[in-house]
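Structure file start39.txt; described as compact mmCIF, N, CA and C atoms.
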```txt
# COMPACT_ATOMS: atom_id res chain seq x y z
N MET A 1 0.84 -1.18 0.00
CA MET A 1 0.00 0.00 0.00
C MET A 1 0.88 1.24 0.00
N THR A 2 0.67 2.13 -0.96
CA THR A 2 1.44 3.36 -1.01
C THR A 2 0.60 4.51 -0.47
N VAL A 3 1.27 5.39 0.19
CA VAL A 3 0.61 6.56 0.78
C VAL A 3 0.86 7.75 -0.14
N ALA A 4 -0.20 8.46 -0.44
CA ALA A 4 -0.06 9.66 -1.27
C ALA A 4 0.56 10.77 -0.42
N THR A 5 1.59 11.41 -0.97
CA THR A 5 2.22 12.53 -0.29
C THR A 5 1.90 13.81 -1.05
N ALA A 6 2.13 14.93 -0.40
CA ALA A 6 1.90 16.22 -1.06
C ALA A 6 2.79 16.33 -2.29
N LYS A 7 4.03 15.87 -2.17
CA LYS A 7 4.95 15.94 -3.31
C LYS A 7 4.46 15.10 -4.47
N SER A 8 3.97 13.88 -4.18
CA SER A 8 3.48 13.02 -5.26
C SER A 8 2.23 13.58 -5.92
N LEU A 9 1.48 14.39 -5.18
CA LEU A 9 0.28 15.02 -5.73
C LEU A 9 0.56 16.37 -6.37
N GLY A 10 1.82 16.82 -6.29
CA GLY A 10 2.20 18.10 -6.89
C GLY A 10 1.73 19.30 -6.08
N LEU A 11 1.70 19.16 -4.76
CA LEU A 11 1.23 20.24 -3.89
C LEU A 11 2.37 20.83 -3.09
N VAL A 12 2.28 22.13 -2.83
CA VAL A 12 3.26 22.86 -2.04
C VAL A 12 2.51 23.75 -1.08
N ALA A 13 2.99 23.83 0.18
CA ALA A 13 2.36 24.69 1.18
C ALA A 13 3.10 26.02 1.23
N CYS A 14 2.34 27.10 1.27
CA CYS A 14 2.91 28.44 1.41
C CYS A 14 3.42 28.60 2.84
N GLU A 15 4.66 29.08 3.00
CA GLU A 15 5.23 29.25 4.32
C GLU A 15 4.67 30.47 5.04
N THR A 16 4.03 31.37 4.31
CA THR A 16 3.50 32.59 4.92
C THR A 16 2.09 32.39 5.45
N CYS A 17 1.19 31.94 4.58
CA CYS A 17 -0.22 31.83 4.98
C CYS A 17 -0.67 30.40 5.25
N GLY A 18 0.13 29.41 4.83
CA GLY A 18 -0.21 28.01 5.08
C GLY A 18 -1.11 27.37 4.04
N ARG A 19 -1.54 28.14 3.05
CA ARG A 19 -2.41 27.59 2.01
C ARG A 19 -1.65 26.60 1.14
N VAL A 20 -2.31 25.54 0.75
CA VAL A 20 -1.71 24.53 -0.12
C VAL A 20 -2.07 24.87 -1.56
N ALA A 21 -1.07 24.86 -2.43
CA ALA A 21 -1.29 25.20 -3.84
C ALA A 21 -0.56 24.20 -4.72
N ARG A 22 -0.94 24.17 -5.98
CA ARG A 22 -0.26 23.29 -6.94
C ARG A 22 1.11 23.89 -7.26
N ALA A 23 2.11 23.04 -7.26
CA ALA A 23 3.46 23.45 -7.65
C ALA A 23 3.49 23.64 -9.16
N PRO A 24 4.30 24.57 -9.67
CA PRO A 24 4.38 24.75 -11.13
C PRO A 24 5.01 23.52 -11.77
N ARG A 25 4.59 23.24 -12.99
CA ARG A 25 5.13 22.07 -13.69
C ARG A 25 6.61 22.25 -14.00
N ASP A 26 7.00 23.48 -14.32
CA ASP A 26 8.40 23.78 -14.60
C ASP A 26 9.12 24.04 -13.28
N PRO A 27 10.10 23.21 -12.90
CA PRO A 27 10.77 23.40 -11.60
C PRO A 27 11.56 24.70 -11.51
N GLN A 28 11.90 25.31 -12.64
CA GLN A 28 12.65 26.56 -12.63
C GLN A 28 11.74 27.78 -12.51
N ALA A 29 10.43 27.58 -12.67
CA ALA A 29 9.49 28.70 -12.61
C ALA A 29 9.35 29.17 -11.16
N ALA A 30 9.27 30.48 -10.99
CA ALA A 30 9.09 31.06 -9.66
C ALA A 30 7.59 31.08 -9.37
N ALA A 31 7.15 30.19 -8.51
CA ALA A 31 5.74 30.08 -8.19
C ALA A 31 5.37 31.03 -7.05
N ARG A 32 4.17 31.57 -7.12
CA ARG A 32 3.67 32.45 -6.08
C ARG A 32 2.38 31.87 -5.54
N CYS A 33 2.15 32.11 -4.25
CA CYS A 33 0.94 31.64 -3.59
C CYS A 33 -0.26 32.37 -4.19
N PRO A 34 -1.32 31.66 -4.57
CA PRO A 34 -2.49 32.33 -5.13
C PRO A 34 -3.26 33.13 -4.09
N HIS A 35 -3.02 32.85 -2.81
CA HIS A 35 -3.76 33.54 -1.75
C HIS A 35 -3.07 34.83 -1.31
N CYS A 36 -1.77 34.73 -0.92
CA CYS A 36 -1.08 35.90 -0.37
C CYS A 36 -0.06 36.50 -1.33
N GLY A 37 0.31 35.79 -2.39
CA GLY A 37 1.25 36.32 -3.37
C GLY A 37 2.71 36.13 -3.04
N ASP A 38 3.03 35.57 -1.87
CA ASP A 38 4.43 35.33 -1.51
C ASP A 38 4.99 34.16 -2.32
N PRO A 39 6.31 34.13 -2.48
CA PRO A 39 6.91 33.01 -3.22
C PRO A 39 6.70 31.68 -2.50
N LEU A 40 6.42 30.64 -3.27
CA LEU A 40 6.31 29.30 -2.70
C LEU A 40 7.72 28.75 -2.46
N PRO A 41 7.87 27.74 -1.60
CA PRO A 41 9.20 27.22 -1.28
C PRO A 41 10.01 26.88 -2.51
N ALA A 42 11.31 27.15 -2.43
CA ALA A 42 12.23 26.99 -3.56
C ALA A 42 12.62 25.52 -3.74
N SER A 43 13.25 25.27 -4.86
CA SER A 43 13.67 23.91 -5.18
C SER A 43 14.89 23.52 -4.36
N LEU A 44 15.21 22.24 -4.36
CA LEU A 44 16.36 21.73 -3.62
C LEU A 44 17.66 22.28 -4.21
N ALA A 45 17.73 22.42 -5.52
CA ALA A 45 18.94 22.97 -6.15
C ALA A 45 19.19 24.40 -5.67
N ARG A 46 18.14 25.18 -5.55
CA ARG A 46 18.27 26.55 -5.07
C ARG A 46 18.71 26.55 -3.60
N THR A 47 18.21 25.60 -2.82
CA THR A 47 18.62 25.48 -1.42
C THR A 47 20.10 25.21 -1.33
N TRP A 48 20.61 24.29 -2.15
CA TRP A 48 22.04 24.00 -2.15
C TRP A 48 22.85 25.22 -2.58
N ALA A 49 22.36 25.96 -3.56
CA ALA A 49 23.07 27.16 -4.00
C ALA A 49 23.17 28.18 -2.87
N TYR A 50 22.08 28.37 -2.14
CA TYR A 50 22.10 29.30 -1.00
C TYR A 50 23.04 28.80 0.09
N LEU A 51 23.05 27.49 0.34
CA LEU A 51 23.94 26.94 1.36
C LEU A 51 25.40 27.11 0.99
N ILE A 52 25.74 26.88 -0.26
CA ILE A 52 27.12 27.07 -0.70
C ILE A 52 27.52 28.53 -0.58
N ALA A 53 26.62 29.42 -0.98
CA ALA A 53 26.91 30.86 -0.84
C ALA A 53 27.08 31.24 0.63
N ALA A 54 26.26 30.67 1.50
CA ALA A 54 26.38 30.97 2.94
C ALA A 54 27.72 30.48 3.47
N CYS A 55 28.16 29.31 3.05
CA CYS A 55 29.46 28.78 3.49
C CYS A 55 30.60 29.67 3.02
N VAL A 56 30.53 30.10 1.78
CA VAL A 56 31.59 30.94 1.23
C VAL A 56 31.61 32.30 1.92
N LEU A 57 30.46 32.89 2.15
CA LEU A 57 30.39 34.23 2.73
C LEU A 57 30.54 34.26 4.25
N TYR A 58 30.38 33.11 4.90
CA TYR A 58 30.51 33.05 6.36
C TYR A 58 31.93 33.43 6.80
N VAL A 59 32.92 32.96 6.05
CA VAL A 59 34.32 33.21 6.42
C VAL A 59 34.65 34.70 6.37
N PRO A 60 34.45 35.39 5.24
CA PRO A 60 34.79 36.81 5.25
C PRO A 60 33.90 37.63 6.19
N ALA A 61 32.68 37.18 6.40
CA ALA A 61 31.80 37.91 7.32
C ALA A 61 32.36 37.94 8.73
N ASN A 62 33.10 36.90 9.10
CA ASN A 62 33.66 36.84 10.44
C ASN A 62 35.12 37.27 10.50
N LEU A 63 35.80 37.39 9.37
CA LEU A 63 37.21 37.77 9.38
C LEU A 63 37.48 39.20 8.94
N LEU A 64 36.58 39.79 8.18
CA LEU A 64 36.80 41.16 7.71
C LEU A 64 36.44 42.17 8.80
N VAL A 65 37.04 43.33 8.71
CA VAL A 65 36.80 44.40 9.68
C VAL A 65 35.35 44.86 9.57
N MET A 66 34.69 44.88 10.73
CA MET A 66 33.28 45.30 10.77
C MET A 66 33.12 46.72 11.32
N MET A 67 34.12 47.16 12.08
CA MET A 67 34.00 48.48 12.70
C MET A 67 35.38 49.09 12.88
N ARG A 68 35.47 50.37 12.61
CA ARG A 68 36.67 51.14 12.90
C ARG A 68 36.27 52.25 13.87
N SER A 69 37.05 52.38 14.91
CA SER A 69 36.77 53.45 15.88
C SER A 69 38.07 54.17 16.18
N SER A 70 37.94 55.44 16.45
CA SER A 70 39.14 56.22 16.77
C SER A 70 38.85 57.14 17.95
N ASP A 71 39.89 57.35 18.71
CA ASP A 71 39.83 58.30 19.82
C ASP A 71 41.21 58.94 19.94
N VAL A 72 41.48 59.59 21.05
CA VAL A 72 42.75 60.30 21.20
C VAL A 72 43.94 59.35 21.26
N THR A 73 43.71 58.10 21.62
CA THR A 73 44.82 57.14 21.71
C THR A 73 45.14 56.48 20.38
N GLY A 74 44.25 56.56 19.41
CA GLY A 74 44.52 55.97 18.10
C GLY A 74 43.27 55.40 17.47
N THR A 75 43.49 54.66 16.41
CA THR A 75 42.40 54.03 15.66
C THR A 75 42.42 52.54 15.91
N ARG A 76 41.23 51.94 16.04
CA ARG A 76 41.11 50.51 16.29
C ARG A 76 40.17 49.91 15.25
N SER A 77 40.59 48.78 14.66
CA SER A 77 39.75 48.04 13.72
C SER A 77 39.35 46.74 14.38
N ASP A 78 38.06 46.39 14.30
CA ASP A 78 37.56 45.19 14.94
C ASP A 78 36.78 44.31 13.97
N THR A 79 37.04 43.00 14.10
CA THR A 79 36.19 42.00 13.45
C THR A 79 35.12 41.62 14.48
N ILE A 80 34.22 40.76 14.10
CA ILE A 80 33.20 40.32 15.06
C ILE A 80 33.84 39.63 16.25
N LEU A 81 34.78 38.72 15.97
CA LEU A 81 35.41 37.97 17.06
C LEU A 81 36.28 38.85 17.94
N SER A 82 37.03 39.79 17.35
CA SER A 82 37.83 40.68 18.19
C SER A 82 36.93 41.61 19.00
N GLY A 83 35.77 41.95 18.45
CA GLY A 83 34.81 42.74 19.21
C GLY A 83 34.25 41.97 20.40
N VAL A 84 34.01 40.67 20.21
CA VAL A 84 33.54 39.83 21.30
C VAL A 84 34.60 39.76 22.40
N ILE A 85 35.85 39.57 22.00
CA ILE A 85 36.95 39.51 22.97
C ILE A 85 37.08 40.83 23.71
N LYS A 86 36.99 41.93 22.97
CA LYS A 86 37.10 43.27 23.59
C LYS A 86 35.96 43.50 24.57
N LEU A 87 34.75 43.13 24.21
CA LEU A 87 33.62 43.27 25.13
C LEU A 87 33.85 42.44 26.39
N TRP A 88 34.34 41.22 26.21
CA TRP A 88 34.59 40.33 27.36
C TRP A 88 35.64 40.93 28.30
N THR A 89 36.75 41.39 27.72
CA THR A 89 37.84 41.93 28.55
C THR A 89 37.48 43.28 29.17
N ASP A 90 36.56 44.00 28.56
CA ASP A 90 36.13 45.29 29.11
C ASP A 90 35.04 45.14 30.17
N GLY A 91 34.69 43.90 30.52
CA GLY A 91 33.74 43.68 31.60
C GLY A 91 32.29 43.58 31.18
N ALA A 92 32.03 43.22 29.93
CA ALA A 92 30.65 43.05 29.47
C ALA A 92 30.48 41.64 28.91
N PRO A 93 30.63 40.61 29.76
CA PRO A 93 30.55 39.24 29.25
C PRO A 93 29.16 38.87 28.73
N GLY A 94 28.12 39.44 29.28
CA GLY A 94 26.76 39.15 28.81
C GLY A 94 26.56 39.60 27.38
N ILE A 95 26.96 40.82 27.09
CA ILE A 95 26.84 41.36 25.73
C ILE A 95 27.75 40.58 24.78
N ALA A 96 28.96 40.23 25.27
CA ALA A 96 29.89 39.46 24.44
C ALA A 96 29.28 38.12 24.05
N LEU A 97 28.62 37.45 25.00
CA LEU A 97 27.98 36.16 24.70
C LEU A 97 26.84 36.31 23.71
N VAL A 98 26.04 37.36 23.87
CA VAL A 98 24.93 37.59 22.94
C VAL A 98 25.46 37.81 21.53
N VAL A 99 26.51 38.63 21.40
CA VAL A 99 27.09 38.89 20.08
C VAL A 99 27.70 37.62 19.50
N LEU A 100 28.41 36.85 20.33
CA LEU A 100 29.02 35.60 19.87
C LEU A 100 27.96 34.61 19.39
N VAL A 101 26.93 34.43 20.18
CA VAL A 101 25.87 33.48 19.81
C VAL A 101 25.14 33.94 18.56
N ALA A 102 24.74 35.22 18.53
CA ALA A 102 23.93 35.72 17.41
C ALA A 102 24.72 35.86 16.12
N SER A 103 26.01 36.18 16.21
CA SER A 103 26.78 36.48 15.01
C SER A 103 27.65 35.34 14.52
N VAL A 104 28.00 34.40 15.40
CA VAL A 104 28.91 33.34 15.01
C VAL A 104 28.27 31.96 15.14
N ILE A 105 27.77 31.65 16.33
CA ILE A 105 27.31 30.29 16.61
C ILE A 105 26.00 29.95 15.89
N VAL A 106 25.00 30.81 15.99
CA VAL A 106 23.70 30.51 15.36
C VAL A 106 23.83 30.39 13.84
N PRO A 107 24.50 31.32 13.14
CA PRO A 107 24.63 31.13 11.69
C PRO A 107 25.38 29.86 11.31
N LEU A 108 26.44 29.53 12.05
CA LEU A 108 27.20 28.31 11.76
C LEU A 108 26.34 27.07 12.00
N MET A 109 25.60 27.08 13.10
CA MET A 109 24.72 25.96 13.40
C MET A 109 23.61 25.83 12.35
N LYS A 110 23.08 26.96 11.92
CA LYS A 110 22.02 26.93 10.91
C LYS A 110 22.54 26.38 9.58
N ILE A 111 23.74 26.77 9.19
CA ILE A 111 24.34 26.26 7.96
C ILE A 111 24.52 24.74 8.05
N GLY A 112 25.06 24.29 9.17
CA GLY A 112 25.29 22.85 9.35
C GLY A 112 24.01 22.04 9.33
N VAL A 113 23.02 22.50 10.05
CA VAL A 113 21.75 21.77 10.13
C VAL A 113 21.03 21.81 8.79
N MET A 114 21.04 22.94 8.12
CA MET A 114 20.38 23.02 6.81
C MET A 114 21.08 22.12 5.79
N ALA A 115 22.41 21.99 5.88
CA ALA A 115 23.13 21.08 4.99
C ALA A 115 22.72 19.64 5.28
N TYR A 116 22.60 19.30 6.56
CA TYR A 116 22.17 17.95 6.94
C TYR A 116 20.75 17.68 6.41
N LEU A 117 19.85 18.64 6.57
CA LEU A 117 18.47 18.45 6.12
C LEU A 117 18.39 18.36 4.59
N ALA A 118 19.14 19.20 3.90
CA ALA A 118 19.13 19.15 2.43
C ALA A 118 19.71 17.83 1.94
N LEU A 119 20.76 17.37 2.60
CA LEU A 119 21.36 16.08 2.23
C LEU A 119 20.37 14.94 2.46
N SER A 120 19.62 15.01 3.56
CA SER A 120 18.64 13.95 3.84
C SER A 120 17.53 13.93 2.79
N VAL A 121 17.16 15.08 2.30
CA VAL A 121 16.15 15.14 1.23
C VAL A 121 16.75 14.64 -0.08
N GLN A 122 17.96 15.10 -0.37
CA GLN A 122 18.64 14.72 -1.61
C GLN A 122 18.81 13.20 -1.71
N LEU A 123 19.16 12.56 -0.60
CA LEU A 123 19.41 11.12 -0.60
C LEU A 123 18.15 10.30 -0.32
N GLY A 124 17.05 10.97 -0.04
CA GLY A 124 15.78 10.28 0.17
C GLY A 124 15.71 9.48 1.45
N TRP A 125 16.35 9.96 2.49
CA TRP A 125 16.32 9.25 3.77
C TRP A 125 14.89 9.20 4.29
N THR A 126 14.47 8.04 4.73
CA THR A 126 13.09 7.89 5.23
C THR A 126 13.03 7.74 6.74
N ARG A 127 14.16 7.49 7.39
CA ARG A 127 14.16 7.33 8.84
C ARG A 127 14.22 8.70 9.52
N PHE A 128 13.63 8.77 10.68
CA PHE A 128 13.67 9.97 11.53
C PHE A 128 13.07 11.22 10.87
N ARG A 129 12.03 11.04 10.08
CA ARG A 129 11.40 12.19 9.42
C ARG A 129 10.83 13.19 10.43
N ARG A 130 10.17 12.67 11.44
CA ARG A 130 9.56 13.55 12.44
C ARG A 130 10.64 14.37 13.16
N GLN A 131 11.75 13.73 13.51
CA GLN A 131 12.84 14.43 14.19
C GLN A 131 13.45 15.51 13.30
N ARG A 132 13.60 15.19 12.01
CA ARG A 132 14.15 16.19 11.08
C ARG A 132 13.20 17.36 10.92
N ALA A 133 11.90 17.11 10.92
CA ALA A 133 10.92 18.20 10.85
C ALA A 133 11.00 19.07 12.10
N GLN A 134 11.18 18.44 13.25
CA GLN A 134 11.32 19.20 14.50
C GLN A 134 12.60 20.03 14.49
N ILE A 135 13.68 19.45 13.98
CA ILE A 135 14.94 20.18 13.88
C ILE A 135 14.76 21.39 12.96
N PHE A 136 14.07 21.19 11.84
CA PHE A 136 13.84 22.30 10.91
C PHE A 136 13.06 23.42 11.59
N ARG A 137 12.00 23.08 12.30
CA ARG A 137 11.21 24.10 12.98
C ARG A 137 12.03 24.83 14.04
N PHE A 138 12.89 24.10 14.76
CA PHE A 138 13.76 24.71 15.76
C PHE A 138 14.73 25.70 15.10
N ILE A 139 15.34 25.29 14.00
CA ILE A 139 16.28 26.16 13.29
C ILE A 139 15.57 27.40 12.75
N GLU A 140 14.35 27.23 12.28
CA GLU A 140 13.58 28.39 11.81
C GLU A 140 13.33 29.36 12.96
N ARG A 141 13.03 28.83 14.14
CA ARG A 141 12.77 29.69 15.30
C ARG A 141 14.02 30.45 15.75
N ILE A 142 15.15 29.75 15.86
CA ILE A 142 16.33 30.44 16.36
C ILE A 142 17.07 31.20 15.26
N GLY A 143 16.70 30.98 14.00
CA GLY A 143 17.35 31.69 12.91
C GLY A 143 17.21 33.19 12.97
N HIS A 144 16.17 33.66 13.61
CA HIS A 144 15.96 35.10 13.73
C HIS A 144 17.00 35.74 14.66
N TRP A 145 17.60 34.93 15.52
CA TRP A 145 18.66 35.45 16.40
C TRP A 145 19.86 35.88 15.61
N SER A 146 20.09 35.27 14.45
CA SER A 146 21.24 35.66 13.65
C SER A 146 21.01 37.01 12.98
N MET A 147 19.80 37.51 13.03
CA MET A 147 19.48 38.82 12.48
C MET A 147 19.62 39.92 13.52
N LEU A 148 20.02 39.54 14.74
CA LEU A 148 20.15 40.48 15.84
C LEU A 148 21.16 41.54 15.49
```

Written form, structure tokens:
Amino acid sequence: MTVATAKSLGLVACETCGRVARAPRDPQAAARCPHCGDPLPASLARTWAYLIAACVLYVPANLLVMMRSSDVTGTRSDTILSGVIKLWTDGAPGIALVVLVASVIVPLMKIGVMAYLALSVQLGWTRFRRQRAQIFRFIERIGHWSML
């Protein structure tokens, strides 16, 4: 006995309003929700492209200078990590932890988990589907912290 899935029926759920709509026949076509007009979820190839771009851009985002400040003693250039260290040594460990988690740890964790989830879809893994769905929802919830 085979179970009909949304994918086998050609259906896609809108992430904004939750309405279920027919996926476009052409996988390269940009589909929009007929109810709210937002884009429907992207293809797996597009997900991989975004993940590769995130991996490539993660390194310079954390290594390039993010802030320059100057005072009477001189000019200082800081990356995200040097800013975290400076905050910690200046007696603001709480703020340093928030910046570290929001700017370094959460994006790295999100990239890793999204790569795992995309790989599981790509390879058609059928075990632990419920757990992977829970992981996805968790990553979606904490992903907003990286926008802090």

Practice problem: Find the residues around segment 45-59 of chain A up to 7 Å (all atoms listed in the file counted), leave out those fewer than 3 positions away in its own chain, and share them as a VMD selection string. | Solution: chain A and resid 42 62 to 64 111 115

Quiz item: Leaving out Asp78 of chain A and any residue of its chain fewer than 4 positions from it, which residues lie within 6.5 Å of it when counting only N, CA and C atoms, given as a PyMOL selection string?
Solution: chain A and resi 64-69+82-83

Quiz item: Which of chain A counts as helix (DSSP H, G or I) under DSSP, as a VMD selection string please?
Solution: chain A and resid 44 to 63 80 to 89 93 to 122 129 to 147

Find the residues around Ala21 of chain A up to 5 Å (only N, CA and C atoms counted), leave out those fewer than 5 positions away in its own chain, and share them as a PDB file with N, CA and C atoms, keeping the file's coordinate frame.
```
ATOM      1  N   LEU A  11       1.700  19.160  -4.760  1.00  0.00           N
ATOM      2  CA  LEU A  11       1.230  20.240  -3.890  1.00  0.00           C
ATOM      3  C   LEU A  11       2.370  20.830  -3.090  1.00  0.00           C
ATOM      4  N   VAL A  12       2.280  22.130  -2.830  1.00  0.00           N
ATOM      5  CA  VAL A  12       3.260  22.860  -2.040  1.00  0.00           C
ATOM      6  C   VAL A  12       2.510  23.750  -1.080  1.00  0.00           C
ATOM      7  N   ALA A  13       2.990  23.830   0.180  1.00  0.00           N
ATOM      8  CA  ALA A  13       2.360  24.690   1.180  1.00  0.00           C
ATOM      9  C   ALA A  13       3.100  26.020   1.230  1.00  0.00           C
TER      10      ALA A  13
END
```

Quiz item: atom C of Met114 of chain A and atom C of Pro93 of chain A are how many Å apart?
Solution: 29.5 Å

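Coordinates place atom C of His144 of chain A at a distance of 20.4 Å from atom C of Pro39 of chain A.
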
Exercise. Extract the full set of strand (DSSP E or B) residues from segment 70-144 of chain A according to DSSP on the backbone, and format it as JSON, numbers by chain.
Key: {"A": [70, 71, 74, 75, 76, 77, 78]}

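Considering only C-alpha atoms, the residue among A:Val84, A:Cys36, A:Ala23, A:Ala118 positioned nearest to Val101 of chain A is A:Val84.
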
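The space separating atom N of Ala102 of chain A from atom N of Trp145 of chain A comes to 7.8 Å.
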
Quiz item: Of the residues A:Phe136, A:Leu81, A:Gly143, A:Glu15, which is the one nearest to Leu40 of chain A, using all atoms listed in the file?
Solution: A:Glu15

Please enclose the listed atoms of segment 41-46 of chain A in an axis-aligned box, pad each side by 4 Å, and write out the centre and the three edge lengths in Å, rounded to one decimal, as JSON.
```
{"center_x": 13.5, "center_y": 24.7, "center_z": -3.7, "size_x": 19.3, "size_y": 14.0, "size_z": 12.9}
```

Exercise. Identify which of the residues A:Ile80, A:Asp71, A:Asp38, A:Lys86 lies closest to Cys14 of chain A, counting all atoms listed in the file when measuring atom-to-atom distances.
Key: A:Asp38

Quiz item: Between A:Phe138, A:Ala133, A:Pro107, A:Gly10, which is the closest to Val121 of chain A once you count only C-alpha atoms?
Solution: A:Ala133

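Each of A:Ala96, A:Thr75, A:Ile142, A:Arg127 was compared to Met109 of chain A using only C-alpha atoms, and A:Ile142 turns out to be the nearest.
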
Rebuild segment 67-74 of chain A so that it carries all heavy atoms, then output the result as a PDB file, in the coordinates of the input.
```
ATOM      1  N   MET A  67      34.120  47.160  12.080  1.00  0.00           N
ATOM      2  CA  MET A  67      34.000  48.480  12.700  1.00  0.00           C
ATOM      3  C   MET A  67      35.380  49.090  12.880  1.00  0.00           C
ATOM      4  O   MET A  67      36.321  48.417  13.279  1.00  0.00           O
ATOM      5  CB  MET A  67      33.312  48.333  14.061  1.00  0.00           C
ATOM      6  CG  MET A  67      33.109  49.644  14.761  1.00  0.00           C
ATOM      7  SD  MET A  67      32.263  49.475  16.331  1.00  0.00           S
ATOM      8  CE  MET A  67      33.538  48.776  17.339  1.00  0.00           C
ATOM      9  N   ARG A  68      35.470  50.370  12.610  1.00  0.00           N
ATOM     10  CA  ARG A  68      36.670  51.140  12.900  1.00  0.00           C
ATOM     11  C   ARG A  68      36.270  52.250  13.870  1.00  0.00           C
ATOM     12  O   ARG A  68      35.272  52.932  13.662  1.00  0.00           O
ATOM     13  CB  ARG A  68      37.251  51.777  11.642  1.00  0.00           C
ATOM     14  CG  ARG A  68      37.818  50.807  10.660  1.00  0.00           C
ATOM     15  CD  ARG A  68      38.580  51.553   9.565  1.00  0.00           C
ATOM     16  NE  ARG A  68      38.672  50.829   8.321  1.00  0.00           N
ATOM     17  CZ  ARG A  68      39.391  49.747   8.118  1.00  0.00           C
ATOM     18  NH1 ARG A  68      40.034  49.216   9.089  1.00  0.00           N
ATOM     19  NH2 ARG A  68      39.439  49.171   6.937  1.00  0.00           N
ATOM     20  N   SER A  69      37.050  52.380  14.910  1.00  0.00           N
ATOM     21  CA  SER A  69      36.770  53.450  15.880  1.00  0.00           C
ATOM     22  C   SER A  69      38.070  54.170  16.180  1.00  0.00           C
ATOM     23  O   SER A  69      39.154  53.591  16.136  1.00  0.00           O
ATOM     24  CB  SER A  69      36.157  52.872  17.154  1.00  0.00           C
ATOM     25  OG  SER A  69      37.015  51.911  17.714  1.00  0.00           O
ATOM     26  N   SER A  70      37.940  55.440  16.450  1.00  0.00           N
ATOM     27  CA  SER A  70      39.140  56.220  16.770  1.00  0.00           C
ATOM     28  C   SER A  70      38.850  57.140  17.950  1.00  0.00           C
ATOM     29  O   SER A  70      37.725  57.593  18.144  1.00  0.00           O
ATOM     30  CB  SER A  70      39.610  57.016  15.550  1.00  0.00           C
ATOM     31  OG  SER A  70      38.609  57.879  15.114  1.00  0.00           O
ATOM     32  N   ASP A  71      39.890  57.350  18.710  1.00  0.00           N
ATOM     33  CA  ASP A  71      39.830  58.300  19.820  1.00  0.00           C
ATOM     34  C   ASP A  71      41.210  58.940  19.940  1.00  0.00           C
ATOM     35  O   ASP A  71      42.037  58.802  19.047  1.00  0.00           O
ATOM     36  CB  ASP A  71      39.374  57.617  21.114  1.00  0.00           C
ATOM     37  CG  ASP A  71      40.269  56.463  21.532  1.00  0.00           C
ATOM     38  OD1 ASP A  71      41.379  56.335  20.972  1.00  0.00           O
ATOM     39  OD2 ASP A  71      39.867  55.695  22.418  1.00  0.00           O
ATOM     40  N   VAL A  72      41.480  59.590  21.050  1.00  0.00           N
ATOM     41  CA  VAL A  72      42.750  60.300  21.200  1.00  0.00           C
ATOM     42  C   VAL A  72      43.940  59.350  21.260  1.00  0.00           C
ATOM     43  O   VAL A  72      45.061  59.743  20.959  1.00  0.00           O
ATOM     44  CB  VAL A  72      42.731  61.200  22.456  1.00  0.00           C
ATOM     45  CG1 VAL A  72      41.754  62.342  22.270  1.00  0.00           C
ATOM     46  CG2 VAL A  72      42.413  60.413  23.702  1.00  0.00           C
ATOM     47  N   THR A  73      43.710  58.100  21.620  1.00  0.00           N
ATOM     48  CA  THR A  73      44.820  57.140  21.710  1.00  0.00           C
ATOM     49  C   THR A  73      45.140  56.480  20.380  1.00  0.00           C
ATOM     50  O   THR A  73      46.180  55.870  20.238  1.00  0.00           O
ATOM     51  CB  THR A  73      44.511  56.046  22.746  1.00  0.00           C
ATOM     52  OG1 THR A  73      43.334  55.339  22.346  1.00  0.00           O
ATOM     53  CG2 THR A  73      44.319  56.644  24.133  1.00  0.00           C
ATOM     54  N   GLY A  74      44.250  56.560  19.410  1.00  0.00           N
ATOM     55  CA  GLY A  74      44.520  55.970  18.100  1.00  0.00           C
ATOM     56  C   GLY A  74      43.270  55.400  17.470  1.00  0.00           C
ATOM     57  O   GLY A  74      42.147  55.624  17.929  1.00  0.00           O
TER      58      GLY A  74
END
```
